[in-house]
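Peer 1: You'll find target32.tsv just under this line, and it carries TSV, C-alpha atoms.
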```
chain	number	residue	atom	x	y	z
A	1	MET	CA	61.86	27.87	366.28
A	2	LYS	CA	64.48	26.86	363.69
A	3	THR	CA	62.88	23.44	363.40
A	4	VAL	CA	59.44	24.93	362.71
A	5	LEU	CA	60.86	27.28	360.07
A	6	LEU	CA	62.75	24.43	358.40
A	7	LEU	CA	59.60	22.27	358.40
A	8	ALA	CA	57.55	25.11	356.88
A	9	ILE	CA	60.12	25.59	354.12
A	10	CYS	CA	60.14	21.84	353.36
A	11	LEU	CA	56.34	21.78	353.13
A	12	VAL	CA	56.31	24.70	350.70
A	13	ILE	CA	59.01	23.13	348.52
A	14	CYS	CA	57.31	19.71	348.49
A	15	GLY	CA	53.87	21.21	348.12
A	16	CYS	CA	53.47	21.51	344.35
A	17	ALA	CA	54.66	19.91	341.14
A	18	THR	CA	54.62	21.66	337.75
A	19	VAL	CA	55.00	20.32	334.21
A	20	GLY	CA	55.40	22.58	331.19
A	21	ASN	CA	55.01	26.35	330.93
A	22	PRO	CA	51.80	28.33	331.45
A	23	MET	CA	50.30	29.70	328.25
A	24	LYS	CA	49.64	33.43	328.21
A	25	ALA	CA	46.57	35.01	326.60
A	26	GLU	CA	48.76	37.19	324.36
A	27	GLN	CA	50.43	34.06	322.97
A	28	LEU	CA	47.13	32.31	322.27
A	29	THR	CA	45.58	35.33	320.52
A	30	GLN	CA	48.43	35.28	317.98
A	31	LEU	CA	47.35	31.83	316.74
A	32	GLN	CA	44.99	32.13	313.78
A	33	ASP	CA	43.47	29.24	311.88
A	34	GLY	CA	44.38	29.34	308.18
A	35	VAL	CA	47.03	32.05	308.75
A	36	THR	CA	49.73	31.16	311.30
A	37	THR	CA	52.60	29.01	310.04
A	38	GLN	CA	54.38	26.21	311.87
A	39	ALA	CA	57.53	28.38	312.15
A	40	GLU	CA	55.50	31.20	313.72
A	41	VAL	CA	53.90	28.81	316.22
A	42	LEU	CA	57.37	27.60	317.20
A	43	LYS	CA	58.49	31.21	317.72
A	44	ILE	CA	55.35	32.11	319.74
A	45	MET	CA	54.92	28.95	321.84
A	46	GLY	CA	58.32	27.23	321.79
A	47	GLU	CA	58.74	23.47	321.47
A	48	ALA	CA	55.60	21.36	321.77
A	49	SER	CA	55.19	18.72	324.47
A	50	ASP	CA	54.17	16.20	321.79
A	51	LYS	CA	54.24	16.09	317.98
A	52	THR	CA	52.24	13.54	315.98
A	53	ILE	CA	51.93	12.94	312.24
A	54	ILE	CA	48.45	11.83	311.25
A	55	ASP	CA	47.67	9.38	308.42
A	56	THR	CA	46.54	12.25	306.18
A	57	GLY	CA	50.03	13.79	306.35
A	58	GLU	CA	48.86	16.53	308.68
A	59	GLU	CA	50.78	17.21	311.88
A	60	LYS	CA	49.38	17.75	315.38
A	61	TRP	CA	51.29	19.61	318.10
A	62	THR	CA	50.21	19.47	321.74
A	63	TYR	CA	51.29	21.87	324.47
A	64	ILE	CA	50.60	20.90	328.09
A	65	TYR	CA	50.92	22.82	331.35
A	66	THR	CA	49.94	21.13	334.63
A	67	ARG	CA	50.27	22.20	338.25
A	68	ALA	CA	49.53	19.56	340.89
A	69	THR	CA	48.82	20.53	344.50
A	70	PRO	CA	48.58	17.88	347.22
A	71	THR	CA	45.46	17.63	349.37
A	72	TRP	CA	45.59	18.29	353.12
A	73	GLY	CA	46.10	14.59	353.98
A	74	PHE	CA	49.51	14.66	352.30
A	75	PHE	CA	50.85	16.93	355.06
A	76	VAL	CA	49.39	15.08	358.06
A	77	PRO	CA	51.44	12.16	359.39
A	78	ILE	CA	49.60	8.82	359.42
A	79	VAL	CA	46.42	10.39	357.96
A	80	GLY	CA	48.13	10.42	354.55
A	81	MET	CA	48.26	6.62	354.57
A	82	PHE	CA	44.46	6.53	354.68
A	83	GLU	CA	43.37	9.58	352.72
A	84	SER	CA	45.60	11.69	350.54
A	85	GLY	CA	45.98	12.77	346.94
A	86	ALA	CA	46.39	15.82	344.73
A	87	THR	CA	44.47	18.17	342.48
A	88	ALA	CA	45.97	18.89	339.06
A	89	LYS	CA	44.91	21.92	337.02
A	90	GLY	CA	46.35	23.11	333.79
A	91	GLN	CA	46.10	24.09	330.18
A	92	LYS	CA	46.19	22.04	327.01
A	93	LEU	CA	46.68	23.49	323.53
A	94	GLU	CA	46.25	21.28	320.47
A	95	ILE	CA	47.21	22.59	317.03
A	96	LEU	CA	46.50	20.75	313.79
A	97	PHE	CA	48.62	21.83	310.81
A	98	ASN	CA	47.63	21.14	307.21
A	99	THR	CA	50.12	19.64	304.74
A	100	ASN	CA	51.34	23.17	303.89
A	101	LYS	CA	52.39	23.68	307.56
A	102	ILE	CA	49.67	26.26	308.24
A	103	VAL	CA	47.41	26.05	311.32
A	104	LYS	CA	44.27	24.24	310.19
A	105	LYS	CA	42.59	24.53	313.60
A	106	HIS	CA	43.54	24.86	317.24
A	107	ALA	CA	41.81	24.34	320.57
A	108	VAL	CA	42.57	25.28	324.17
A	109	SER	CA	41.18	23.45	327.19
A	110	ASN	CA	41.66	23.71	330.94
A	111	PRO	CA	41.64	20.16	332.31
A	112	LYS	CA	41.26	19.50	336.04
A	113	THR	CA	41.98	16.13	337.61
A	114	THR	CA	41.69	14.83	341.16
A	115	ILE	CA	44.05	12.04	342.14
A	116	LYS	CA	43.18	10.06	345.27
A	117	THR	CA	45.60	7.85	347.15
A	118	GLY	CA	45.54	6.01	350.43
A	119	ILE	CA	43.86	2.92	351.83
A	120	PHE	CA	40.31	4.34	351.74
A	121	GLN	CA	40.40	5.55	348.13
```
The structure given in the file should be rewritten as C-alpha coordinates.

Peer 2:
Amino acid sequence: MKTVLLLAICLVICGCATVGNPMKAEQLTQLQDGVTTQAEVLKIMGEASDKTIIDTGEEKWTYIYTRATPTWGFFVPIVGMFESGATAKGQKLEILFNTNKIVKKHAVSNPKTTIKTGIFQ
(Lines of atoms letter the chains of each structure in order from A and count residues from 1; the text may use other names and numbers.)
(Lines give C-alpha, C1' and ligand atoms only; values in the text may rest on other atoms or scores of the structure.)
Protein backbone atom coordinates (compact mmCIF):
# COMPACT_ATOMS: atom_id res chain seq x y z
CA MET A 1 0.00 0.00 0.00
CA LYS A 2 2.84 2.41 0.85
CA THR A 3 4.47 1.67 -2.49
CA VAL A 4 1.28 2.49 -4.41
CA LEU A 5 0.82 5.75 -2.49
CA LEU A 6 4.44 6.73 -3.10
CA LEU A 7 4.09 5.94 -6.82
CA ALA A 8 0.88 8.01 -7.04
CA ILE A 9 2.59 10.98 -5.37
CA CYS A 10 5.57 10.72 -7.77
CA LEU A 11 3.25 10.66 -10.79
CA VAL A 12 1.41 13.77 -9.59
CA ILE A 13 4.65 15.63 -8.93
CA CYS A 14 6.17 14.65 -12.29
CA GLY A 15 2.92 15.15 -14.13
CA CYS A 16 3.05 18.83 -15.09
CA ALA A 17 5.53 21.59 -15.83
CA THR A 18 4.72 25.30 -15.56
CA VAL A 19 6.55 28.38 -16.85
CA GLY A 20 5.58 31.91 -15.85
CA ASN A 21 2.52 33.13 -13.96
CA PRO A 22 -1.10 32.92 -15.14
CA MET A 23 -2.57 36.26 -16.18
CA LYS A 24 -5.80 37.24 -14.47
CA ALA A 25 -8.68 38.98 -16.25
CA GLU A 26 -8.60 41.87 -13.76
CA GLN A 27 -4.94 42.49 -14.64
CA LEU A 28 -5.59 42.47 -18.39
CA THR A 29 -8.57 44.85 -18.17
CA GLN A 30 -6.32 47.48 -16.55
CA LEU A 31 -4.19 47.69 -19.71
CA GLN A 32 -5.44 50.45 -22.01
CA ASP A 33 -3.90 51.41 -25.33
CA GLY A 34 -2.81 55.05 -25.38
CA VAL A 35 -3.27 55.41 -21.59
CA THR A 36 -1.30 52.90 -19.48
CA THR A 37 2.34 53.75 -18.82
CA GLN A 38 5.29 51.38 -18.71
CA ALA A 39 5.59 51.91 -14.93
CA GLU A 40 1.92 51.00 -14.47
CA VAL A 41 2.32 47.85 -16.58
CA LEU A 42 5.28 46.83 -14.41
CA LYS A 43 3.16 47.36 -11.28
CA ILE A 44 0.17 45.43 -12.72
CA MET A 45 1.95 42.55 -14.47
CA GLY A 46 5.41 42.39 -12.89
CA GLU A 47 8.58 41.73 -14.88
CA ALA A 48 8.14 40.67 -18.50
CA SER A 49 9.45 37.35 -19.80
CA ASP A 50 11.15 39.19 -22.68
CA LYS A 51 11.89 42.83 -23.52
CA THR A 52 12.88 43.94 -27.03
CA ILE A 53 13.74 47.36 -28.45
CA ILE A 54 12.54 47.77 -32.02
CA ASP A 55 14.36 49.80 -34.71
CA THR A 56 11.83 52.64 -34.36
CA GLY A 57 12.85 53.12 -30.70
CA GLU A 58 9.65 51.51 -29.46
CA GLU A 59 9.84 48.75 -26.87
CA LYS A 60 7.98 45.43 -26.85
CA TRP A 61 7.34 43.43 -23.67
CA THR A 62 6.18 39.82 -23.79
CA TYR A 63 4.60 37.90 -20.93
CA ILE A 64 4.31 34.11 -21.24
CA TYR A 65 2.54 31.50 -19.13
CA THR A 66 2.67 27.84 -20.18
CA ARG A 67 1.49 24.66 -18.49
CA ALA A 68 2.59 21.37 -20.05
CA THR A 69 0.82 18.11 -19.23
CA PRO A 70 2.24 14.77 -20.40
CA THR A 71 0.12 12.41 -22.48
CA TRP A 72 -0.91 8.99 -21.16
CA GLY A 73 2.08 7.23 -22.79
CA PHE A 74 4.46 9.11 -20.49
CA PHE A 75 3.14 7.14 -17.50
CA VAL A 76 3.13 3.66 -19.07
CA PRO A 77 6.42 1.75 -18.93
CA ILE A 78 7.79 0.72 -22.34
CA VAL A 79 4.82 2.31 -24.18
CA GLY A 80 6.43 5.72 -23.58
CA MET A 81 9.39 4.71 -25.75
CA PHE A 82 7.03 4.31 -28.71
CA GLU A 83 4.35 6.93 -28.17
CA SER A 84 4.51 9.74 -25.67
CA GLY A 85 4.52 13.52 -25.51
CA ALA A 86 2.82 16.47 -23.87
CA THR A 87 0.19 19.12 -24.43
CA ALA A 88 1.14 22.70 -23.60
CA LYS A 89 -1.50 25.39 -23.06
CA GLY A 90 -0.97 28.92 -21.94
CA GLN A 91 -1.28 32.63 -22.34
CA LYS A 92 0.83 35.15 -24.20
CA LEU A 93 0.61 38.91 -23.72
CA GLU A 94 2.50 41.24 -26.05
CA ILE A 95 2.67 44.96 -25.28
CA LEU A 96 4.14 47.55 -27.63
CA PHE A 97 5.14 50.85 -26.02
CA ASN A 98 5.62 54.06 -27.98
CA THR A 99 8.73 56.22 -27.50
CA ASN A 100 6.96 58.05 -24.63
CA LYS A 101 6.65 54.73 -22.72
CA ILE A 102 2.86 54.56 -23.12
CA VAL A 103 1.09 51.38 -24.31
CA LYS A 104 0.66 51.77 -28.07
CA LYS A 105 -1.16 48.45 -28.44
CA HIS A 106 -1.40 45.10 -26.71
CA ALA A 107 -2.64 41.64 -27.62
CA VAL A 108 -3.45 38.48 -25.68
CA SER A 109 -3.43 34.99 -27.18
CA ASN A 110 -3.93 31.48 -25.83
CA PRO A 111 -1.47 29.23 -27.67
CA LYS A 112 -1.81 25.44 -27.53
CA THR A 113 0.95 23.09 -28.65
CA THR A 114 1.17 19.32 -28.87
CA ILE A 115 4.62 17.80 -28.50
CA LYS A 116 5.07 14.21 -29.66
CA THR A 117 7.98 11.99 -28.70
CA GLY A 118 8.80 8.34 -29.13
CA ILE A 119 9.85 6.07 -31.96
CA PHE A 120 6.55 6.27 -33.87
CA GLN A 121 6.27 10.08 -33.87

Peer 1: Find the distance between atom CA of A:Thr87 and atom CA of A:Leu31 and write it in Å to one decimal.

Peer 2: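 Going from atom CA of A:Thr87 over to atom CA of A:Leu31, I get 29.3 Å.
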
Peer 1: With distances taken over all atoms listed in the file, which residue among A:Ser49, A:Thr62, A:Thr69, A:Asn21 lies nearest A:Thr113?

Peer 2: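 Smallest separation from A:Thr113 among the options: A:Thr69.
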
Peer 1: Separation of atom CA of A:Lys92 and atom CA of A:His106, in Å?

Peer 2: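 Computed distance, atom CA of A:Lys92 to atom CA of A:His106, equals 10.5 Å.
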
Peer 1: Which polymer residues have any atom within 9 Å of an atom of stretch 35-37 of chain A, counting only C-alpha atoms, with same-chain residues fewer than 6 positions away left out, as a PDB file with C-alpha atoms, in the coordinates of the input?

Peer 2:
```
ATOM      1  CA  PHE A  97      48.620  21.830 310.810  1.00  0.00           C
ATOM      2  CA  ASN A 100      51.340  23.170 303.890  1.00  0.00           C
ATOM      3  CA  LYS A 101      52.390  23.680 307.560  1.00  0.00           C
ATOM      4  CA  ILE A 102      49.670  26.260 308.240  1.00  0.00           C
ATOM      5  CA  VAL A 103      47.410  26.050 311.320  1.00  0.00           C
ATOM      6  CA  LYS A 104      44.270  24.240 310.190  1.00  0.00           C
TER       7      LYS A 104
END
```

Peer 1: Any idea what the distance is between atom CA of A:Ser109 and atom CA of A:Ala68?

Peer 2: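 These two atoms are separated by 16.5 Å.
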
Peer 1: Can you pull out every residue within 8 Å of A:Gly20, counting all atoms listed in the file, but drop anything in the same chain fewer than 6 positions away, and send it as an NGL selection string?

Peer 2: :A and (49 or 63-66)

Peer 1: Nearest residue to A:Thr52 out of A:Ala86, A:Ala107, A:Ile95, A:Val19, using only C-alpha atoms?

Peer 2: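 For A:Thr52, the nearest of the candidates is A:Ile95.
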
Peer 1: Between A:Glu94, A:Lys89, A:Val108, A:Thr56, which is the closest to A:Ala25 once you count only C-alpha atoms?

Peer 2: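 Distance minimum relative to A:Ala25 lands on A:Val108.
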
Peer 1: Taking into account only C-alpha atoms, which residue in the set A:Lys43, A:Gln32, A:Glu58, A:Ile53 is nearest to A:Lys105?

Peer 2: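 Residue with the minimum atom-to-atom distance to A:Lys105: A:Gln32.
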
Peer 1: Which one of A:Pro111, A:Gly46, A:Gly57, A:Pro70 sits closest to A:Gly90 if you count only C-alpha atoms?

Peer 2: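 Among the listed residues, A:Pro111 lies closest to A:Gly90.
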
Peer 1: Go through A:Ala39, A:Ile44, A:Leu28, A:Asp33 one by one, measure the shortest atom-to-atom distance of each to A:Leu96 using all atoms listed in the file, and give the residue with the smallest value.

Peer 2: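 Of A:Ala39, A:Ile44, A:Leu28, A:Asp33, the one nearest A:Leu96 is A:Asp33, counting all atoms listed in the file.
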